[in-house]
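Novice: The structure that follows is given in the form of structure tokens.
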Amino acid sequence: MPNRITTFAEYLDEYRKSIDTPEQFWADKAEAFVWHQHWDKVLEWNFAEPSVQWFINGKLNITENCLDRHLLSKSTQPAILWEPNNPDEAVRTLTYAELHEKVCQFANALKNNGAKKGDRICIYMPMVPELAIAVLACARIGAIHSVVFGGFSFKSLSDRIQDAECSIVLTADGAFRGAKDIPLKSVVDEALETCPSVKKVIVLSRTNVKITMVEGRDIWWHDAILNVSAECPATIMDSEDMLFILYTSGSTGKPKGVVHTIGGYMVYVDYSFRNVFQYNDGEVYWCTADIGWITGHSYLIYGPLLAGATTVMFEGIPTYPDAGRFWNIIDKQQVNIFYTAPTAIRSLEAFGLEFVKPYSLNSLRVLGSVGEPINKEAWEWYHVNIGKENCPIVDTWWQTETGGILISPLAGITKTKPSYATLPLPGIRPVIVNEAGKILEGNNVEGRLCIEFPFPSIIRTTYGDHERCRSNYFDIYPNLYFTGDGCKRDEDGYYRITGRVDDVIKVSGHLLGTAEIESAINEHPDIVESAVVGYPHDIKGWGIYAFVVCNTHRPDTNALKQEIIDTVAKYIGHIAKPDKIQIVSGLPKTRSGKIMRRILRKIAENDMANLGDTSTLLDPAVVEEIKAGAIH
Ligand code: WTA
């Protein structure tokens, strides 16, 4: 492995090289991997189309770099340390040799069930080692994985399966989450009623709930691997072949299938993992994210395994059996690097220090945060009570679309500042623009965050709809990738992300489009119209506030609200349930019929003094009614 950055002076030097000679810079990093054929050209790009290609004509398989490459020196080192939901159940350890064997065996099972290079395979599984095995087995044979978070409902699942035209679904009978059993297989069954592309479903036995198996379509995981060989040569892929699709919410209703390709993604997640967390050989690293989100893809599976690290995988939730579970696991597994989300930190903070006190936490060396801005209070709590004022906190800013961390301190190297993601990684060129797209030079500026040059793990397309990728990210400001985030660069040149500037909200770290929630609410037969906005929430970061217009008078408002919540849970999943629902007689609209969300946002935030000019509305009186009935 190439050396990583060890001092701030080296960071500045690397950064300079990455800007002056980006192709040479990334080629040097890429040389460390196993390629079956060297690339002809490092980079070709054009943001107008957009078209970005890295390591052109390079041939490889990412799983050889995650697994086979480490077998000589690390075959007996744990690759995955798995912690079950129930602390009484045994921990599972998979060494690099064991993980390699299981991935190869399941890869053969996939082939036996008809999977081929280029096929899309949907993975809807609990956080058990077989989920990591499933992901890597797809990559082994060149199938494109599309992992769907286990908390999504049948409708979200079927939308995603249909969009990618998946031929196989990998699932389990159920999932354990805290005290609950989630019935995954029955959700799959309901979803598949509208998914004719799916020919096979492979079902892992996890919770032992009774399920139905469809003859000819469904097969148990343990049967699929019975007597199957654990030798599976990796399928040789092109650097720009698709590695995976991961759906993310956008400002329109339909989720976008973000596509990442193999070579560039591999090089960037490895580089960012080793440098941001300053991973040392032999350390235990734990990222608490679910593999259903990008953080789980890049920094639970691919990044750590590429770097030959030991990665902890946790099946459960932070509050089960009590709010000390994270700290318990850290002591038990002697975790050195811990990476979690601000919403988890805030919720554990609210449970009080008695859940932290029983644990020494003295194995910890580095703490990380991801998913939303970490507010000062949570930062301090994390720093003092978890890091014992001894561990640098890396506040890592990035997105599903960027594949890897773009702006972050390097642990122990970059001076941190609470609530700042600080400085760009080498290779990353952030710019801040005003609404008109003018680049704001110098320090002490605030505007919208864009990136002006491609990095290896940038989004390549949105699956099946390239135009959507262009118009969403590359067309708003010409020749720039637009992140959708507001951002400030302070007097030290440090970056601080201020939140989304589009109609998406981050609720407990999950990105949700307001339009997506509105269309779920509108499925309720008594609702004519709705508008959803976010409001600041102490624990979740943002809460969901829904204004709804009914077509009948329902005196039982509590029952109606519950039905609306259930409808959203049914169409999207529990993560999107509104926190507040206000029944209104109409919504504030412009004369052209556009809902004025700005006004609703202010009302939801209880900032009535700053509603702005409402006189141009179609019906200004409705604002008074909404203000009077606002829920705070
Ligand atoms: C937000 C998660 C502030 C941001 C990896 C971004 C953050 C969106 C941070 C992407 C951070 C993520 N500070 N905001 N450290 N990290 N965000 O696609 O709004 O789930 O655009 O990827 O999360 O969310 P996504």
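Letters for chains follow the order of the structure tokens (A, B, ...), residue numbers begin at 1 for each chain, and ligand numbers begin at 1 in the order shown.
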Just want the 8 Å neighbourhood of Phe176 of chain A, counted on only C-alpha atoms, with same-chain residues fewer than 4 positions away dropped. Output as an MDAnalysis selection string.

Specialist: chainID A and resid 85 126 180:182 207 315:316

Novice: With only C-alpha atoms counted and 12 Å as the cut-off, give the residues of segment 363-398 of chain A in contact with segment 272-288 of chain A, each with its shortest interatomic distance in Å and the pair that gives it, as a Markdown table.

Specialist:
```
| residue | atom | partner | partner_atom | distance |
| --- | --- | --- | --- | --- |
| A:Ser363 | CA | A:Val284 | CA | 9.3 |
| A:Leu364 | CA | A:Val284 | CA | 9.4 |
| A:Arg365 | CA | A:Phe277 | CA | 9.5 |
| A:Val366 | CA | A:Phe277 | CA | 6.9 |
| A:Leu367 | CA | A:Phe277 | CA | 8.3 |
| A:Gly368 | CA | A:Phe277 | CA | 7.9 |
| A:Ser369 | CA | A:Cys287 | CA | 9.6 |
| A:Val370 | CA | A:Cys287 | CA | 10.0 |
| A:Gly371 | CA | A:Thr288 | CA | 11.8 |
| A:Cys391 | CA | A:Phe277 | CA | 11.2 |
| A:Pro392 | CA | A:Phe277 | CA | 9.6 |
| A:Ile393 | CA | A:Phe277 | CA | 9.5 |
| A:Val394 | CA | A:Val276 | CA | 7.3 |
| A:Asp395 | CA | A:Val276 | CA | 9.7 |
| A:Thr396 | CA | A:Val276 | CA | 8.4 |
| A:Trp397 | CA | A:Val276 | CA | 11.2 |
| A:Trp398 | CA | A:Ser272 | CA | 11.2 |
```

Novice: Using only C-alpha atoms and all ligand atoms, what table do you get, as JSON lines, when you list each residue of chain A with an atom no more than 7 Å from ligand 1, its nearest pair of atoms, and their distance in Å rounded to one decimal, rows by chain then rising number?

Specialist:
```
{"residue": "A:Thr248", "atom": "CA", "partner": "ligand 1", "partner_atom_place_in_ligand_line": "18 (O)", "distance": 6.4}
{"residue": "A:Trp293", "atom": "CA", "partner": "ligand 1", "partner_atom_place_in_ligand_line": "20 (O)", "distance": 6.6}
{"residue": "A:Ile294", "atom": "CA", "partner": "ligand 1", "partner_atom_place_in_ligand_line": "22 (O)", "distance": 6.0}
{"residue": "A:Thr295", "atom": "CA", "partner": "ligand 1", "partner_atom_place_in_ligand_line": "5 (C)", "distance": 5.5}
{"residue": "A:Ser369", "atom": "CA", "partner": "ligand 1", "partner_atom_place_in_ligand_line": "15 (N)", "distance": 6.3}
{"residue": "A:Val370", "atom": "CA", "partner": "ligand 1", "partner_atom_place_in_ligand_line": "16 (N)", "distance": 4.5}
{"residue": "A:Gly371", "atom": "CA", "partner": "ligand 1", "partner_atom_place_in_ligand_line": "12 (C)", "distance": 3.5}
{"residue": "A:Glu372", "atom": "CA", "partner": "ligand 1", "partner_atom_place_in_ligand_line": "7 (C)", "distance": 3.5}
{"residue": "A:Pro373", "atom": "CA", "partner": "ligand 1", "partner_atom_place_in_ligand_line": "3 (C)", "distance": 3.4}
{"residue": "A:Ile374", "atom": "CA", "partner": "ligand 1", "partner_atom_place_in_ligand_line": "13 (N)", "distance": 6.3}
{"residue": "A:Asp395", "atom": "CA", "partner": "ligand 1", "partner_atom_place_in_ligand_line": "15 (N)", "distance": 4.9}
{"residue": "A:Thr396", "atom": "CA", "partner": "ligand 1", "partner_atom_place_in_ligand_line": "15 (N)", "distance": 4.2}
{"residue": "A:Trp397", "atom": "CA", "partner": "ligand 1", "partner_atom_place_in_ligand_line": "15 (N)", "distance": 3.6}
{"residue": "A:Trp398", "atom": "CA", "partner": "ligand 1", "partner_atom_place_in_ligand_line": "5 (C)", "distance": 4.8}
{"residue": "A:Gln399", "atom": "CA", "partner": "ligand 1", "partner_atom_place_in_ligand_line": "22 (O)", "distance": 3.5}
{"residue": "A:Thr400", "atom": "CA", "partner": "ligand 1", "partner_atom_place_in_ligand_line": "18 (O)", "distance": 3.7}
{"residue": "A:Glu401", "atom": "CA", "partner": "ligand 1", "partner_atom_place_in_ligand_line": "18 (O)", "distance": 6.4}
{"residue": "A:Ala421", "atom": "CA", "partner": "ligand 1", "partner_atom_place_in_ligand_line": "15 (N)", "distance": 5.8}
{"residue": "A:Thr483", "atom": "CA", "partner": "ligand 1", "partner_atom_place_in_ligand_line": "21 (O)", "distance": 6.1}
{"residue": "A:Gly484", "atom": "CA", "partner": "ligand 1", "partner_atom_place_in_ligand_line": "21 (O)", "distance": 6.1}
{"residue": "A:Asp485", "atom": "CA", "partner": "ligand 1", "partner_atom_place_in_ligand_line": "19 (O)", "distance": 5.4}
{"residue": "A:Ile497", "atom": "CA", "partner": "ligand 1", "partner_atom_place_in_ligand_line": "3 (C)", "distance": 4.8}
{"residue": "A:Thr498", "atom": "CA", "partner": "ligand 1", "partner_atom_place_in_ligand_line": "3 (C)", "distance": 6.7}
{"residue": "A:Gly499", "atom": "CA", "partner": "ligand 1", "partner_atom_place_in_ligand_line": "19 (O)", "distance": 5.1}
{"residue": "A:Arg500", "atom": "CA", "partner": "ligand 1", "partner_atom_place_in_ligand_line": "19 (O)", "distance": 5.0}
{"residue": "A:Lys506", "atom": "CA", "partner": "ligand 1", "partner_atom_place_in_ligand_line": "23 (O)", "distance": 6.8}
{"residue": "A:Gly509", "atom": "CA", "partner": "ligand 1", "partner_atom_place_in_ligand_line": "20 (O)", "distance": 6.8}
{"residue": "A:His510", "atom": "CA", "partner": "ligand 1", "partner_atom_place_in_ligand_line": "20 (O)", "distance": 5.9}
{"residue": "A:Leu511", "atom": "CA", "partner": "ligand 1", "partner_atom_place_in_ligand_line": "20 (O)", "distance": 5.4}
```

Novice: Neighbours of segment 590-601 of chain A within 10 Å (only C-alpha atoms; same-chain residues fewer than 4 positions away dropped), as a PyMOL selection string?

Specialist: chain A and resi 503+530-535+545-547+605-608+610-620+623+626-627+630

Novice: Report the residues of segment 104-138 of chain A whose backbone DSSP state falls under strand (DSSP E), written as a PyMOL selection string.

Specialist: chain A and resi 120-124

Novice: Please report as CSV every residue of segment 222-308 of chain A lying within 10 Å of segment 36-50 of chain A, along with the nearest atom pair and their distance in Å (one decimal), using only C-alpha atoms.

Specialist:
```
residue,atom,partner,partner_atom,distance
A:Ile236,CA,A:His36,CA,7.4
A:Met237,CA,A:His36,CA,9.0
A:Asp238,CA,A:Gln37,CA,9.2
A:Ser239,CA,A:Trp39,CA,8.3
A:Gly263,CA,A:Trp39,CA,9.9
A:Gly264,CA,A:Val42,CA,9.8
```

Novice: Output as a ChimeraX atom specification all residues of segment 402-471 of chain A that backbone DSSP marks as alpha helix (DSSP H).

Specialist: /A:466-469

Novice: Between A:Asn479, A:Tyr265, A:Leu425, A:Pro255, which is the closest to Gly437 of chain A once you count only C-alpha atoms?

Specialist: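 Checking each candidate against Gly437 of chain A, we get A:Asn479 as the closest.
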
Novice: Restrict the calculation to only C-alpha atoms, then for each residue of segment 422-512 of chain A with any atom at most 10 Å from an atom of segment 152-171 of chain A give the closest atom pair and their distance in Å to one decimal, rows by chain and rising residue number, as a tab-separated table.

Specialist:
```
residue	atom	partner	partner_atom	distance
A:Tyr463	CA	A:Ala164	CA	7.1
A:Gly464	CA	A:Ala164	CA	7.6
A:Asp465	CA	A:Asp163	CA	9.9
```

Novice: For all heavy atoms, I'd like the residues from the last selection saved as an mmCIF file, in the first residue's frame.

Specialist:
```
data_model
loop_
_atom_site.group_PDB
_atom_site.id
_atom_site.type_symbol
_atom_site.label_atom_id
_atom_site.label_comp_id
_atom_site.auth_asym_id
_atom_site.auth_seq_id
_atom_site.Cartn_x
_atom_site.Cartn_y
_atom_site.Cartn_z
ATOM 1 N N TYR A 463 -29.451 5.531 -13.098
ATOM 2 C CA TYR A 463 -29.742 4.322 -13.856
ATOM 3 C C TYR A 463 -30.965 4.502 -14.765
ATOM 4 O O TYR A 463 -32.035 4.916 -14.322
ATOM 5 C CB TYR A 463 -29.969 3.132 -12.912
ATOM 6 C CG TYR A 463 -29.976 1.835 -13.681
ATOM 7 C CD1 TYR A 463 -28.788 1.220 -14.054
ATOM 8 C CD2 TYR A 463 -31.172 1.251 -14.087
ATOM 9 C CE1 TYR A 463 -28.780 0.062 -14.800
ATOM 10 C CE2 TYR A 463 -31.180 0.086 -14.831
ATOM 11 C CZ TYR A 463 -29.973 -0.500 -15.193
ATOM 12 O OH TYR A 463 -29.971 -1.645 -15.934
ATOM 13 N N GLY A 464 -30.750 4.193 -16.038
ATOM 14 C CA GLY A 464 -31.858 4.208 -16.992
ATOM 15 C C GLY A 464 -32.337 5.584 -17.399
ATOM 16 O O GLY A 464 -33.314 5.704 -18.149
ATOM 17 N N ASP A 465 -31.693 6.631 -16.908
ATOM 18 C CA ASP A 465 -32.194 7.979 -17.186
ATOM 19 C C ASP A 465 -31.023 8.962 -17.061
ATOM 20 O O ASP A 465 -30.901 9.686 -16.069
ATOM 21 C CB ASP A 465 -33.307 8.302 -16.175
ATOM 22 C CG ASP A 465 -34.030 9.598 -16.505
ATOM 23 O OD1 ASP A 465 -33.613 10.296 -17.448
ATOM 24 O OD2 ASP A 465 -35.017 9.914 -15.802
#
```
